[in-house]
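Taking it in order: structure first as structure tokens, then the write-up.
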Amino acid sequence: MKKINIAIDGPAAAGKSTIAKRVAEILGMVYVDTGAMYRAITLLHIQQPDKEIDDLVQSIDLKIVNDNGQRIYLNGIDVSDRIRANDVTLNVSKVASFASVRTKLVKLQQEMTENKGVVMDGRDIGTKVIPDAELKIYMIASVQERAERRLLDNQNRGIEATLEELIIDIERRDHLDMTREISPLTKADDAIEIDTTGMSIEEVTNRIIELARKK
Ligand SMILES: Nc1ncnc2c1ncn2[C@@H]1O[C@H](COP(=O)(O)OP(=O)(O)OP(=O)(O)O)[C@@H](O)[C@H]1O
Ligand SMILES: Nc1ccn([C@@H]2O[C@H](COP(=O)(O)O)[C@@H](O)[C@H]2O)c(=O)n1
């Protein structure tokens, strides 16, 4: 198979990271979860609330390490688990709407995809970060199923939230992400939409592998 980039976008908890990671493993590609980068800046903002976000972005040191999945280091500290907590999830879409944040992260993400061989997931990957990606997927699922999946996910991670709270958070975050001024979440014209409602992780993974192998 020739060396390609795969962009996976879609709303919250649609399964993007899970599937991106599996596809990357099977195809021997590098997996990048860009949501973790926005979450890390949000964590820094929570830790330093008196600093302007534009100033925080200038001094931030973010490192992505691929070690059987992705680990993310914020100013030298592994924050991969901390960034999944509720306080970060509640604030991340607002922080992600800042122009300075997006400019900084999109540049870092574009550098990671320069040599191809990357499966990258997020909200603006097919539209902004790698508009020339050889394969673009727009992954969706019903809100109910996404919330049920996230509930299980949270229980495994020890994060407390009810199904009702998760539905509200998912709808709120999708709305903010789809209506922000800069690079809102939208399906790229040349993206293939996959509705994963009722599909297993294996079925979704196989579908994308099949599409990638045709490139
Ligand atoms: N097709 C599927 N069937 C069942 N469960 C799934 C499927 N895809 C993903 N999941 C589960 O749903 C949960 C959420 O998936 P994941 O974190 O990959 O979503 P995401 O789109 O990356 O979310 P976010 O954008 O909020 O980070 C995980 O626990 C994952 O195992
Ligand atoms: N390319 C991206 C990726 C993420 N965001 C913002 O970060 C939030 C958290 O992302 P998760 O994938 O970890 O849920 C997301 O809700 C967006 O606000 C983004 O803007 N662009």
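As shown in the structure tokens, the chain order sets the letters A, B, ...; within each chain, residues go from 1, and ligands are also counted from 1 in the order they appear.
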Determine, using only C-alpha atoms and all ligand atoms, which residues of chain A have any atom at most 9 Å from an atom of ligand 1, and tabulate each with its shortest atom pair and distance in Å to one decimal place, rows ordered by chain and then rising number, as CSV.
residue,atom,partner,partner_atom_place_in_ligand_line,distance
A:Asp9,CA,ligand 1,21 (O),8.0
A:Gly10,CA,ligand 1,21 (O),6.6
A:Pro11,CA,ligand 1,25 (O),6.1
A:Ala12,CA,ligand 1,26 (O),3.7
A:Ala13,CA,ligand 1,23 (O),3.2
A:Ala14,CA,ligand 1,21 (O),3.8
A:Gly15,CA,ligand 1,19 (O),3.3
A:Lys16,CA,ligand 1,21 (O),3.7
A:Ser17,CA,ligand 1,22 (O),3.7
A:Thr18,CA,ligand 1,18 (O),3.6
A:Ile19,CA,ligand 1,18 (O),6.2
A:Ala20,CA,ligand 1,18 (O),7.8
A:Lys21,CA,ligand 1,18 (O),8.5
A:Asp33,CA,ligand 1,22 (O),7.6
A:Thr34,CA,ligand 1,27 (O),8.9
A:Gly35,CA,ligand 1,27 (O),6.2
A:Ala36,CA,ligand 1,27 (O),7.8
A:Arg84,CA,ligand 1,27 (O),8.8
A:Thr89,CA,ligand 1,26 (O),8.6
A:Asp121,CA,ligand 1,22 (O),7.3
A:Gly122,CA,ligand 1,25 (O),6.6
A:Arg123,CA,ligand 1,25 (O),8.0
A:Met139,CA,ligand 1,21 (O),7.8
A:Ile140,CA,ligand 1,21 (O),8.3
A:Ala141,CA,ligand 1,1 (N),8.5
A:Glu145,CA,ligand 1,4 (C),8.2
A:Arg146,CA,ligand 1,12 (O),6.6
A:Ala147,CA,ligand 1,12 (O),8.4
A:Glu148,CA,ligand 1,12 (O),7.9
A:Arg149,CA,ligand 1,12 (O),4.2
A:Arg150,CA,ligand 1,13 (C),4.9
A:Leu151,CA,ligand 1,29 (O),7.9
A:Leu152,CA,ligand 1,29 (O),6.2
A:Asp153,CA,ligand 1,29 (O),4.0
A:Asn154,CA,ligand 1,29 (O),7.7
A:Asn156,CA,ligand 1,29 (O),8.4
A:Ile170,CA,ligand 1,26 (O),7.9
A:Thr196,CA,ligand 1,1 (N),5.3
A:Thr197,CA,ligand 1,1 (N),7.0
A:Gly198,CA,ligand 1,3 (N),7.0
A:Met199,CA,ligand 1,1 (N),4.9
A:Ser200,CA,ligand 1,1 (N),4.2
A:Ile201,CA,ligand 1,1 (N),3.8
A:Glu202,CA,ligand 1,1 (N),7.2
A:Glu203,CA,ligand 1,1 (N),7.2
A:Val204,CA,ligand 1,1 (N),6.0
A:Thr205,CA,ligand 1,1 (N),8.3
>> Considering only strand (DSSP E or B) as DSSP defines it on the backbone, what residues of chain A qualify? List them as a PyMOL selection string.
In response: chain A and resi 6-9+30-33+62-66+70-74+77-78+118-122+135-140+192-195
>> So that I can check the surroundings of stretch 176-189 of chain A, please list as an NGL selection string every protein, DNA and RNA residue that reaches within 7 Å of it, counting only C-alpha atoms and ignoring chain neighbours fewer than 2 positions away.
In response: :A and (93 or 97 or 123-124 or 126-128 or 138 or 172-174 or 191)
> Counting only C-alpha atoms, what is within 12 Å of A:Ser59, bar same-chain residues fewer than 3 positions away, as a list in words?
Replying inline: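 Selected residues are Ile41, Leu44, Lys51, Glu52, Ile53, Asp54, Asp55, Leu56, Leu62, Leu74, Asn75, Ser100, Val101 and Lys104 of chain A.
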> In Å to one decimal, how far is atom CA of A:Leu27 from atom CA of A:Glu111?
Replying inline: 20.7 Å
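Take atom CA of A:Met120 and atom CA of A:Leu135: the distance between them is 10.8 Å.
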> Distance atom CA of A:Gly28-atom 17 (C, counted along the ligand's line) of ligand 2, one decimal place?
Replying inline: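 Spanning atom CA of A:Gly28 to atom 17 (C, counted along the ligand's line) of ligand 2 is a straight-line distance of 26.8 Å.
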DSSP on the backbone, alpha helix (DSSP H) only: what residues of stretch 67-161 of chain A does that give? Format it as a short mmCIF file (atom, residue, chain, number, x, y, z; two decimals) with N, CA and C atoms, in the first residue's frame.
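Final output, saved to out_4.cif:
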data_model
loop_
_atom_site.label_atom_id
_atom_site.label_comp_id
_atom_site.auth_asym_id
_atom_site.auth_seq_id
_atom_site.Cartn_x
_atom_site.Cartn_y
_atom_site.Cartn_z
N ASN A 86 -13.57 15.75 34.00
CA ASN A 86 -14.73 16.58 33.65
C ASN A 86 -14.42 18.07 33.51
N ASP A 87 -13.53 18.60 34.37
CA ASP A 87 -13.26 20.05 34.30
C ASP A 87 -12.65 20.42 32.95
N VAL A 88 -11.81 19.55 32.41
CA VAL A 88 -11.21 19.82 31.09
C VAL A 88 -12.28 19.69 30.00
N THR A 89 -13.07 18.61 30.06
CA THR A 89 -14.11 18.38 29.05
C THR A 89 -15.09 19.55 28.99
N LEU A 90 -15.42 20.10 30.16
CA LEU A 90 -16.39 21.21 30.20
C LEU A 90 -15.87 22.48 29.54
N ASN A 91 -14.55 22.68 29.58
CA ASN A 91 -13.98 23.96 29.12
C ASN A 91 -13.29 23.90 27.76
N VAL A 92 -13.06 22.67 27.25
CA VAL A 92 -12.18 22.54 26.09
C VAL A 92 -12.71 23.23 24.82
N SER A 93 -14.02 23.17 24.58
CA SER A 93 -14.52 23.74 23.32
C SER A 93 -14.37 25.26 23.29
N LYS A 94 -14.45 25.89 24.46
CA LYS A 94 -14.27 27.35 24.51
C LYS A 94 -12.80 27.68 24.21
N VAL A 95 -11.89 26.97 24.86
CA VAL A 95 -10.46 27.23 24.63
C VAL A 95 -10.11 26.97 23.16
N ALA A 99 -8.29 31.88 18.29
CA ALA A 99 -7.47 31.86 17.07
C ALA A 99 -6.02 31.47 17.38
N SER A 100 -5.47 32.01 18.49
CA SER A 100 -4.06 31.73 18.82
C SER A 100 -3.84 30.23 19.10
N VAL A 101 -4.83 29.62 19.75
CA VAL A 101 -4.73 28.18 20.07
C VAL A 101 -4.76 27.36 18.78
N ARG A 102 -5.68 27.69 17.90
CA ARG A 102 -5.83 26.91 16.67
C ARG A 102 -4.61 27.08 15.75
N THR A 103 -4.10 28.32 15.68
CA THR A 103 -2.94 28.56 14.81
C THR A 103 -1.76 27.71 15.28
N LYS A 104 -1.52 27.72 16.59
CA LYS A 104 -0.39 26.98 17.17
C LYS A 104 -0.55 25.46 16.93
N LEU A 105 -1.74 24.93 17.23
CA LEU A 105 -1.90 23.48 17.15
C LEU A 105 -1.97 22.98 15.71
N VAL A 106 -2.63 23.74 14.85
CA VAL A 106 -2.71 23.30 13.44
C VAL A 106 -1.29 23.22 12.85
N LYS A 107 -0.43 24.18 13.21
CA LYS A 107 0.95 24.17 12.68
C LYS A 107 1.68 22.90 13.16
N LEU A 108 1.56 22.60 14.45
CA LEU A 108 2.20 21.38 14.99
C LEU A 108 1.68 20.13 14.30
N GLN A 109 0.35 20.11 14.08
CA GLN A 109 -0.27 18.93 13.47
C GLN A 109 0.16 18.78 12.01
N GLN A 110 0.27 19.90 11.31
CA GLN A 110 0.68 19.82 9.91
C GLN A 110 2.12 19.31 9.81
N GLU A 111 2.98 19.71 10.77
CA GLU A 111 4.38 19.21 10.75
C GLU A 111 4.40 17.69 10.92
N MET A 112 3.47 17.17 11.75
CA MET A 112 3.44 15.72 12.00
C MET A 112 3.01 14.92 10.77
N THR A 113 2.29 15.58 9.86
CA THR A 113 1.74 14.83 8.71
C THR A 113 2.58 15.00 7.44
N VAL A 143 -26.74 10.40 19.13
CA VAL A 143 -26.31 10.97 20.42
C VAL A 143 -26.48 9.94 21.54
N GLN A 144 -27.61 9.23 21.51
CA GLN A 144 -27.89 8.22 22.55
C GLN A 144 -26.76 7.18 22.59
N GLU A 145 -26.40 6.66 21.41
CA GLU A 145 -25.36 5.61 21.40
C GLU A 145 -23.99 6.17 21.80
N ARG A 146 -23.72 7.39 21.38
CA ARG A 146 -22.43 8.00 21.77
C ARG A 146 -22.36 8.19 23.28
N ALA A 147 -23.47 8.63 23.86
CA ALA A 147 -23.47 8.84 25.32
C ALA A 147 -23.34 7.51 26.06
N GLU A 148 -23.98 6.47 25.54
CA GLU A 148 -23.88 5.15 26.20
C GLU A 148 -22.45 4.62 26.13
N ARG A 149 -21.80 4.84 24.97
CA ARG A 149 -20.41 4.40 24.82
C ARG A 149 -19.51 5.18 25.79
N ARG A 150 -19.74 6.50 25.87
CA ARG A 150 -18.90 7.34 26.75
C ARG A 150 -19.10 6.97 28.22
N LEU A 151 -20.34 6.57 28.56
CA LEU A 151 -20.64 6.17 29.94
C LEU A 151 -19.75 4.98 30.33
N LEU A 152 -19.70 3.99 29.44
CA LEU A 152 -18.88 2.80 29.69
C LEU A 152 -17.41 3.17 29.80
N ASP A 153 -17.00 4.02 28.86
CA ASP A 153 -15.62 4.51 28.80
C ASP A 153 -15.25 5.18 30.13
N ASN A 154 -16.13 6.08 30.60
CA ASN A 154 -15.89 6.81 31.84
C ASN A 154 -15.85 5.87 33.04
N GLN A 155 -16.75 4.87 33.04
CA GLN A 155 -16.76 3.93 34.16
C GLN A 155 -15.42 3.20 34.24
N ASN A 156 -14.89 2.83 33.06
CA ASN A 156 -13.59 2.15 33.03
C ASN A 156 -12.46 3.04 33.51
N ARG A 157 -12.61 4.35 33.29
CA ARG A 157 -11.56 5.31 33.69
C ARG A 157 -11.79 5.87 35.10
#
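If you measure from each of A:Ile77, A:Ala96, A:Leu163, A:Met1 to ligand 2 using only C-alpha atoms and all ligand atoms, the closest one turns out to be A:Ala96.
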> Which residue, A:Lys116, A:Val57, A:Asp50, A:Ile125, has the smallest gap to A:Phe98 when you use only C-alpha atoms?
Replying inline: A:Val57
> From the list A:Glu210, A:Glu171, A:Glu193, A:Asp132, which residue is nearest ligand 2 when using only C-alpha atoms and all ligand atoms?
Replying inline: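 Answer, going by the shortest atom-to-atom distance: A:Glu171.
Take the candidates A:Gln48, A:Glu164, A:Asn206, A:Gly76 and check each one against A:Arg22 using only C-alpha atoms; the shortest distance goes to A:Asn206.
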>> So that I can check the surroundings of A:Gly69, please list as JSON, numbers by chain every protein, DNA and RNA residue that reaches within 9 Å of it, counting only C-alpha atoms and ignoring chain neighbours fewer than 3 positions away.
In response: {"A": [21, 31, 32, 65, 66]}
Given the selection you just returned, output its residues as a file containing N, CA and C atoms, formatted as a PDB file, in the first residue's frame.
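Output saved as result.pdb:
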ATOM      1  N   LYS A  21      -6.807   4.617  16.207  1.00  0.00           N
ATOM      2  CA  LYS A  21      -5.706   3.870  16.817  1.00  0.00           C
ATOM      3  C   LYS A  21      -5.596   2.466  16.209  1.00  0.00           C
ATOM      4  N   TYR A  31      -0.571   7.160  14.834  1.00  0.00           N
ATOM      5  CA  TYR A  31      -1.892   7.653  15.226  1.00  0.00           C
ATOM      6  C   TYR A  31      -1.745   8.953  16.018  1.00  0.00           C
ATOM      7  N   VAL A  32      -2.523   9.966  15.650  1.00  0.00           N
ATOM      8  CA  VAL A  32      -2.493  11.240  16.403  1.00  0.00           C
ATOM      9  C   VAL A  32      -3.914  11.673  16.759  1.00  0.00           C
ATOM     10  N   VAL A  65       3.888  11.463  22.330  1.00  0.00           N
ATOM     11  CA  VAL A  65       4.730  10.273  22.240  1.00  0.00           C
ATOM     12  C   VAL A  65       3.838   9.085  21.900  1.00  0.00           C
ATOM     13  N   ASN A  66       4.215   8.343  20.875  1.00  0.00           N
ATOM     14  CA  ASN A  66       3.451   7.151  20.504  1.00  0.00           C
ATOM     15  C   ASN A  66       4.061   5.936  21.159  1.00  0.00           C
TER      16      ASN A  66
END
